[in-house]
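In what follows, a single structure is set out as structure tokens and then discussed.
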Amino acid sequence: MTSPGADRQGMADARLGLLRSAPPLAPAGAFDQIADASRQLTAISDLTNVVVWELIAPDAGIIWHAPFERLLAGQDPHGTYLVPPGVDGKPLYATELGEAVLAPLVQTVRAGVTWENYELVQEFQSPDGEVHKMLVRAVAVPDSVPARFLGIVADVSDPGEVPWITADVGERLTLLVEHSPDAIIVHQDGLVVYTNPAGLRMGAVKSLEAAIGRPITSFISPDDLTSTIARLAQLKDPGDVVKGFEAMMVRDDGSELPVEVASARTSWGGKPAFQVILRDVSERKLAEEAAAARAAIERRYAAAVAALEEGVVVIDREGAVAATNDSATRILGTRLHVGHGDEIFTGGRRAVREDGSPFPIDALPLSVALSRREATTNVVVGVRDEHGKDQWLSVSSRPLGDSEGADNATVVCSVSDITDRKQLLDRLAWEARNDPLTGLANRSGFLTAVQSAIETSDEETLQSLVMFFFDLDRFKLVNDSLGHAVGDEVLLAVAERLRATMPDVISLSRLHGDEFAALEPNVTDTDAALQRAEELRTILSRPVQLSTGRMLSVTPSIGLVRLADVGREASDVLQDADMAMLQAKTRGRGRVAIFDAGLREEVGNRLELEHDLRTAVENGELRLEYQPLASLANGRVLGLEALVRWEHPRRGLLLPARFVGLAEESELIVALGGWVLEAGCAQMARWRAMYPEATDSFLAVNVSPRQLDGQQLMPALRSALEKSGLPAGALMLEITESGLVSDDGHLNGMLEELREFGVRLAIDDFGTGYSSLSHLKRLPVSYIKVDRSFVSGLGTDAEDERIVAAITELGHGLGLRVIAEGVENRQQRHVARELGCDLYQGYLLAEPRRPRDIPAFWRPRPSAARAAS
């Protein structure tokens with residue numbers, strides 16, 4: 001039989017069981033040790049926002065080291081609380097809540113179940129209707145008779161209130177559970193109570209509802225059921241883990257999936273449960289990768305557990321460590337044993353604040369507690385760990401004195417390693433201002449830098465600031481044809497060239513996609529700005545060598561604006577530079593333009609017209625007119641060219657020159673070209689069916705180089721011919737000479753595919769581009785159209801006649817038919833015939849006409865004529 005004094009000594013030992021003495025506390029009597037331990041436990045309660053308690057089983061009551069009611073701050077102490085929440089809850093007063101929250105543990109212990117550790121979450125409802133969650137954790141004090149338990153109660157309703165328990169838990173669980181590629185399933189009494197999204201996908205289960213309540217054995221192959229149950233039987237205590245065995249998972253679609261299984265004893269809703277982690281190993285990588293993956297799972301599991309524990313260090317008045325726990329050793333390493341005072345946390349190196357500034361020694365949490373006897377909470381301190389790596393600590397400290405004063409005072413410190421969270425926040429802050437691919441500023445970071453430069457510059461400095469706006473021409477084609485990996489290489493090359501070429505730049509940005517911007521100082525005037533833009537254009541236009549060894553050229557369109565000429569808002573300056581870039585792009589690829597005030601109205605009109613064009617097709621505002629092409633030999637109409645017109649509701653009739661170029665820049669040309677193909681083919685098919693003389697006629701349609709760049713032309717072409725029934729040979733696509741001079745393999749392949757499909761191809765505006773004979777003979781075309789600028793001089797300009805004669809002879813020599821375009825009088829037609837042209841087109845034959853006027857060129861079939869009458 002033990003004496004009361006011995007019982008109290010054992011109680012003190014139990015209290016100190018969580019703390020490892022290093023070195024031992026000074027000898028004292030049993031009652032002094034009990035009092036000292038009680039004060040330390042009370043201080044830990046005060047410091048960590050939890051309530052520490054003890055339980056001696058089976059007959060003794062609960063010893064509270066702080067009143068449970070302290071967790072009810074702001075609540076009505078005289079109100080009625082419901083346990084559990086809801087209409088069926090038992091009404092209790094605040095003073096009864098602590099016993100009710102611990103009741104499941106007390107009942108379990110008195111029933112003879114003695115786990116080494118215990119954890120559950122209890123809920124109750126406060127008088128104002130709010131539901132609170134209380135985390136109850138306990139450990140058994142080893143070798144204690146009678147059995148003793150030491151534990152805590154913490155309000156985890158709001159994770160921010162108990163940072164040492166819940167620090168990073170939400171982020172960890174989101175990472176390890178909800179977003180885990182592994183299936184995580186919790187089952188209780190043999191039934192599934194939770195599964196993460198990966199569990200649904202891996203089991204081919206359609207919904208969470210379909211999974212909840214199912215026997216966990218329904219997911220296990222009968223061949224593996226016995227061995228799996230045997231392993232689960234090994235999980236006797238909370239925290240026990242069995243992992244690394246393989247089994248066959250049965251999926252809802254009847255298939256089986258080999259998985260690697262890890263299982264742990266846990267709790268759910270305050271009751272024992274099992275958590276299972278399943279990893280798909282159907283396509284196992286190399287043995288080394290598999291081993292690394294398993295190690296990563298174990299590390300993440302260990303990190304998640306460690307995140308729930310906070311380091312606790314007791315430091316005496318002289319700055320020496322009196323006691324500590326395992327978590328503190330894990331966080332602080334050797335500093336804990338060799339350090340003294342603040343060196344316990346800093347390792348003797350300089351500490352910094354969150355903004356990078358030096359942390360004054362007398363402001364460190366331990367110094368404040370020792371010298372001023374003041375408590376500190378969650379002070380963030382940047383240090384170096386024992387390996388020299390940056391580490392961020394969240395440190396709280398509370399001075400602890402005896403009943404006679406502070407002569408024997410100690411300090412209780414709590415410490416958490418928040419390095420990962422701090423680095424994540426720093427990374428997010430960086431990504432909020434920078435482009436992750438190139439490392440340049442993003443739009444937000446660029447605008448901030450520009451605004452700062454405007455506000456801090458005097459008038460003279462402002463005069464020398466120039467903003468450049470870069471857009472890479474036809475960059476979408478690079479991504480579409482060569483892939484985004486190649487596109488990223490090009491973007492990185494452009495970023496590096498800009499860095500190297502603009503060393504004094506105030507800010508350099510990748511705004512979006514293939515758009516870059518820079519704010520450069522010391523550009524004295526407009527001429528210097530234009531010269532600088534040309535230098536940049538030349539540098540960026542140099543070929544880029546890809547990782548594949550291939551050389552690729554991408555030209556930039558550059559807009560620039562002098563800040564002295566525009567407003568004082570960064571966003572307005574950027575918009576003006578963007579307008580100048582758009583102006584450069586309208587002049588052709590690889591151009592430079594400087595902003596002037598008239599651009600705002602011009603660009604505004606273009607943007608408004610582009611917006612209207614997006615709805616023109618569905619609003620029925622587009623229509624086609626047709627201009628005949630006839631034989632110079634006999635005058636017979638052989639074909640019709642489809643020409644699009646836009647009946648704008650406010651601007652009236654718009655010809656292609658007003659909107660086709662805009663459609664090409666905005667990629668609306670794809671939808672517009674598709675509509676022209678479909679409407680033109682349908683109309684030509686009807687004419688060929690009604691008029692015998694139209695049976696062999698063809699339809700000519702202009703195709704933009706932008707349409708040839710993409711992948712939509714062939715599908716649109718097939719659809720238009722299939723819907724209309726028009727044969728492919730009755731369609732001629734006209735492509736400008738400037739759009740055919742590229743040696744791009746994609747373009748040549750597209751033209752060859754069109755020819756094999758049976759479509760006729762013609763080079764439009766021939767003579768105005770830069771085609772070489774070697775290039776021309778490789779093109780799979782059948783017609784060339786002599787540009788009207790040469791045809792207009794026939795009969796009056798000997799030089800134009802020689803050019804037309806040379807083009808005609810060249811075309812015939814290559815087996816091509818030659819069309820004279822823009823014939824407006826008989827003399828031009830006569831000379832074109834004499835020079836050997838095959839067909840002609842122009843106002844002498846007919847101006848573009850509406851569909852109702854075209855039948856005049858043909859006689860109807862007898863049946864059609866009778867039907868019409």
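Each chain in the structure tokens gets a letter, A, B, ..., in the order shown, and its residues are numbered from 1; ligands are numbered from 1 in order too.
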Subject >> Near-Gly567 in chain A list (12 Å; only C-alpha atoms; drop same-chain fewer than 3 positions) as a list in words >> reply: Gln451, Ile454, Glu455, Leu462, Val561, Arg562, Leu563, Ala564, Ala570, Ser571, Asp572, Val573, Leu574, Gln575, Asp576, Ala577 and Ala597 of chain A
Original post:
Quick one: residues within 8 Å of Pro365 in chain A, only C-alpha atoms counted, chain neighbours fewer than 4 positions away excluded, as a VMD selection string?
Top reply: chain A and resid 369 375 to 376 379 395 to 397
**OP:** Taking the DSSP assignment computed from this structure's backbone, write out as a ChimeraX atom specification all residues of range 126-228 of chain A that belong to helix (DSSP H, G or I).
**Re:** /A:159-161,163-166,169-178,197-202,208-211,216-219,222-228
Selection export as a short mmCIF file (atom, residue, chain, number, x, y, z; two decimals), in the first residue's frame, atoms kept: N, CA and C atoms:
data_model
loop_
_atom_site.label_atom_id
_atom_site.label_comp_id
_atom_site.auth_asym_id
_atom_site.auth_seq_id
_atom_site.Cartn_x
_atom_site.Cartn_y
_atom_site.Cartn_z
N PRO A 159 -9.27 26.61 -36.58
CA PRO A 159 -7.87 26.17 -36.54
C PRO A 159 -6.90 27.26 -36.15
N GLY A 160 -7.21 28.51 -36.48
CA GLY A 160 -6.28 29.59 -36.17
C GLY A 160 -6.12 29.85 -34.69
N GLU A 161 -7.08 29.36 -33.85
CA GLU A 161 -7.03 29.61 -32.43
C GLU A 161 -6.02 28.72 -31.71
N PRO A 163 -2.80 27.24 -32.95
CA PRO A 163 -1.84 27.01 -34.04
C PRO A 163 -0.92 25.83 -33.82
N TRP A 164 -0.55 25.50 -32.55
CA TRP A 164 0.41 24.40 -32.37
C TRP A 164 -0.22 23.05 -32.66
N ILE A 165 -1.55 22.97 -32.57
CA ILE A 165 -2.22 21.69 -32.89
C ILE A 165 -2.59 21.62 -34.36
N THR A 166 -3.04 22.72 -34.87
CA THR A 166 -3.63 22.68 -36.22
C THR A 166 -2.79 23.36 -37.28
N VAL A 169 -2.50 21.91 -40.74
CA VAL A 169 -3.27 20.67 -40.89
C VAL A 169 -4.17 20.74 -42.12
N GLY A 170 -4.88 21.89 -42.27
CA GLY A 170 -5.76 22.00 -43.43
C GLY A 170 -5.00 21.87 -44.73
N GLU A 171 -3.84 22.54 -44.80
CA GLU A 171 -3.04 22.46 -46.02
C GLU A 171 -2.50 21.05 -46.21
N ARG A 172 -2.04 20.41 -45.13
CA ARG A 172 -1.49 19.06 -45.25
C ARG A 172 -2.56 18.08 -45.70
N LEU A 173 -3.74 18.17 -45.03
CA LEU A 173 -4.79 17.21 -45.38
C LEU A 173 -5.27 17.43 -46.81
N THR A 174 -5.37 18.72 -47.22
CA THR A 174 -5.77 18.97 -48.61
C THR A 174 -4.76 18.36 -49.57
N LEU A 175 -3.48 18.53 -49.24
CA LEU A 175 -2.42 17.99 -50.10
C LEU A 175 -2.39 16.47 -50.07
N LEU A 176 -2.45 15.89 -48.84
CA LEU A 176 -2.24 14.44 -48.69
C LEU A 176 -3.50 13.63 -48.88
N VAL A 177 -4.66 14.27 -48.74
CA VAL A 177 -5.91 13.52 -48.82
C VAL A 177 -6.72 13.92 -50.03
N GLU A 178 -7.31 15.12 -50.00
CA GLU A 178 -8.23 15.51 -51.08
C GLU A 178 -7.53 15.57 -52.44
N PRO A 197 -11.37 11.81 -53.47
CA PRO A 197 -11.68 11.69 -54.90
C PRO A 197 -10.85 10.62 -55.60
N ALA A 198 -9.59 10.44 -55.19
CA ALA A 198 -8.78 9.41 -55.84
C ALA A 198 -9.33 8.02 -55.56
N GLY A 199 -9.93 7.83 -54.38
CA GLY A 199 -10.54 6.55 -54.08
C GLY A 199 -11.71 6.25 -54.99
N LEU A 200 -12.52 7.28 -55.28
CA LEU A 200 -13.64 7.09 -56.21
C LEU A 200 -13.13 6.74 -57.59
N ARG A 201 -12.10 7.48 -58.06
CA ARG A 201 -11.57 7.21 -59.39
C ARG A 201 -10.94 5.82 -59.45
N MET A 202 -10.17 5.47 -58.44
CA MET A 202 -9.46 4.19 -58.48
C MET A 202 -10.44 3.03 -58.41
N LEU A 208 -19.65 9.75 -54.33
CA LEU A 208 -19.33 9.52 -52.93
C LEU A 208 -20.46 8.77 -52.24
N GLU A 209 -21.71 9.12 -52.59
CA GLU A 209 -22.85 8.46 -51.98
C GLU A 209 -22.84 6.96 -52.25
N ALA A 210 -22.36 6.57 -53.44
CA ALA A 210 -22.32 5.16 -53.79
C ALA A 210 -21.25 4.40 -53.02
N ALA A 211 -20.29 5.13 -52.44
CA ALA A 211 -19.21 4.48 -51.70
C ALA A 211 -19.51 4.38 -50.21
N ILE A 216 -16.05 -2.61 -46.71
CA ILE A 216 -14.70 -2.39 -47.22
C ILE A 216 -14.21 -3.64 -47.96
N THR A 217 -14.76 -4.82 -47.59
CA THR A 217 -14.34 -6.06 -48.26
C THR A 217 -14.79 -6.13 -49.71
N SER A 218 -15.80 -5.28 -50.10
CA SER A 218 -16.25 -5.31 -51.49
C SER A 218 -15.20 -4.75 -52.44
N PHE A 219 -14.20 -4.06 -51.90
CA PHE A 219 -13.13 -3.51 -52.73
C PHE A 219 -11.92 -4.47 -52.83
N PRO A 222 -11.34 -11.62 -53.50
CA PRO A 222 -11.49 -12.76 -52.57
C PRO A 222 -10.16 -13.47 -52.31
N ASP A 223 -9.28 -13.48 -53.29
CA ASP A 223 -7.98 -14.15 -53.11
C ASP A 223 -7.12 -13.47 -52.06
N ASP A 224 -7.32 -12.16 -51.86
CA ASP A 224 -6.49 -11.41 -50.92
C ASP A 224 -7.21 -11.09 -49.62
N LEU A 225 -8.47 -11.52 -49.50
CA LEU A 225 -9.28 -11.09 -48.37
C LEU A 225 -8.71 -11.61 -47.05
N THR A 226 -8.34 -12.90 -46.99
CA THR A 226 -7.86 -13.49 -45.73
C THR A 226 -6.58 -12.81 -45.25
N SER A 227 -5.61 -12.63 -46.15
CA SER A 227 -4.34 -12.02 -45.75
C SER A 227 -4.54 -10.56 -45.35
N THR A 228 -5.44 -9.86 -46.02
CA THR A 228 -5.68 -8.45 -45.70
C THR A 228 -6.29 -8.31 -44.31
#
Original post:
Which residues, written as a PyMOL selection string, have at least one atom at most 12 Å from Ser357 in chain A, with only C-alpha atoms counted and residues fewer than 6 positions away on the same chain left out?
Top reply: chain A and resi 350-351+381-383
For the residues in that selection, give me C-alpha atoms as a compact mmCIF listing (two decimals), in the first residue's frame.
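The resulting file, selection10.txt, is shown below:
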# COMPACT_ATOMS: atom_id res chain seq x y z
CA ARG A 350 22.16 36.47 -36.91
CA ALA A 351 18.37 36.20 -36.87
CA VAL A 381 12.13 34.48 -36.53
CA GLY A 382 14.37 33.63 -39.48
CA VAL A 383 17.47 31.60 -38.54
**OP:** Fewer than 2 positions away in the same chain doesn't count, so skip those; otherwise give me all residues within 6 Å of Tyr840 in chain A, counting only C-alpha atoms, as a ChimeraX atom specification.
**Re:** /A:629-630,819-821
For the residues in the current selection, export N, CA, C and O atoms as a short mmCIF file (atom, residue, chain, number, x, y, z; two decimals), in the first residue's frame.
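Everything below was put into selection.cif:
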data_model
loop_
_atom_site.label_atom_id
_atom_site.label_comp_id
_atom_site.auth_asym_id
_atom_site.auth_seq_id
_atom_site.Cartn_x
_atom_site.Cartn_y
_atom_site.Cartn_z
N LEU A 629 -15.71 35.06 -114.41
CA LEU A 629 -14.44 34.89 -115.10
C LEU A 629 -14.78 34.21 -116.43
O LEU A 629 -15.49 33.19 -116.44
N ALA A 630 -14.30 34.79 -117.56
CA ALA A 630 -14.68 34.28 -118.89
C ALA A 630 -13.44 33.92 -119.70
O ALA A 630 -12.32 34.39 -119.44
N ILE A 819 -4.87 34.06 -115.80
CA ILE A 819 -6.08 34.89 -115.73
C ILE A 819 -5.65 36.35 -115.64
O ILE A 819 -4.85 36.71 -114.76
N ALA A 820 -6.18 37.18 -116.53
CA ALA A 820 -5.93 38.63 -116.47
C ALA A 820 -7.01 39.24 -115.57
O ALA A 820 -8.20 39.14 -115.86
N GLU A 821 -6.56 39.88 -114.49
CA GLU A 821 -7.49 40.40 -113.50
C GLU A 821 -7.62 41.91 -113.65
O GLU A 821 -6.64 42.62 -113.89
#
**OP:** Excluding Ile558 in chain A and any residue of its chain fewer than 2 positions from it, enumerate the residues within 10 Å of it, using only C-alpha atoms, and give them as a ChimeraX atom specification.
**Re:** /A:468-472,515-517,530,533-534,536-537,555-556,560,577-578,580-585,589-594
**OP:** Rounded to one decimal place, report the CA of Leu835 in chain A-CA of Pro848 in chain A distance in Å.
**Re:**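 Distance reported for this atom pair: 25.6 Å.
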Who sits within 6 Å of range 696-699 of chain A, only C-alpha atoms, same chain under 6 positions skipped, as a PDB file with C-alpha atoms, in the first residue's frame:
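Listed below is the output, selection_22.pdb:
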ATOM      1  CA  LEU A 638     -16.273  29.636-116.962  1.00  0.00           C
ATOM      2  CA  GLY A 639     -16.453  30.550-113.316  1.00  0.00           C
ATOM      3  CA  LEU A 640     -17.472  33.012-110.603  1.00  0.00           C
ATOM      4  CA  GLU A 641     -15.425  34.587-107.825  1.00  0.00           C
ATOM      5  CA  ALA A 730     -15.737  22.843-109.051  1.00  0.00           C
ATOM      6  CA  LEU A 731     -14.003  24.841-106.295  1.00  0.00           C
ATOM      7  CA  MET A 732     -10.924  27.021-106.831  1.00  0.00           C
TER       8      MET A 732
END
**OP:** Find the residues around Val314 in chain A up to 6 Å (only C-alpha atoms counted), leave out those fewer than 6 positions away in its own chain, and share them as a list in words.
**Re:**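 With the cut-off at 6 Å, the set is Ala322, Ala323, Val411 and Val412 of chain A.
Ranking A:Ala642, A:Leu82, A:Ala441, A:Ala73 by their shortest atom-to-atom distance to Arg849 in chain A, with only C-alpha atoms included, puts A:Ala642 first.
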Subject >> Pick from A:Asp76, A:Ala57, A:Glu520, A:Asp240, whichever lies nearest to Ala147 in chain A using only C-alpha atoms >> reply: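 Among A:Asp76, A:Ala57, A:Glu520, A:Asp240, it is A:Ala57 that comes nearest to Ala147 in chain A.
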Original post:
Nearest to Leu816 in chain A: which of A:Arg137, A:Lys777, A:Arg802, A:Arg542 is it, counting only C-alpha atoms?
Top reply: A:Lys777
Original post:
Taking into account only C-alpha atoms, which residue in the set A:Ser255, A:Ser724, A:Thr419, A:Gln122 is nearest to Ala689 in chain A?
Top reply: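 Residue with the minimum atom-to-atom distance to Ala689 in chain A: A:Ser724.
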Original post:
Between A:His648, A:Arg833, A:Arg231, A:His187, which one has atoms that come closest to Arg214 in chain A, using only C-alpha atoms?
Top reply: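 Result for the nearest residue to Arg214 in chain A: A:His187.
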Original post:
Between A:Pro399, A:Pro181, A:Gly487, A:Gly795, which is the closest to Ile277 in chain A once you count only C-alpha atoms?
Top reply: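 Under the stated criterion, the closest residue is A:Pro181.
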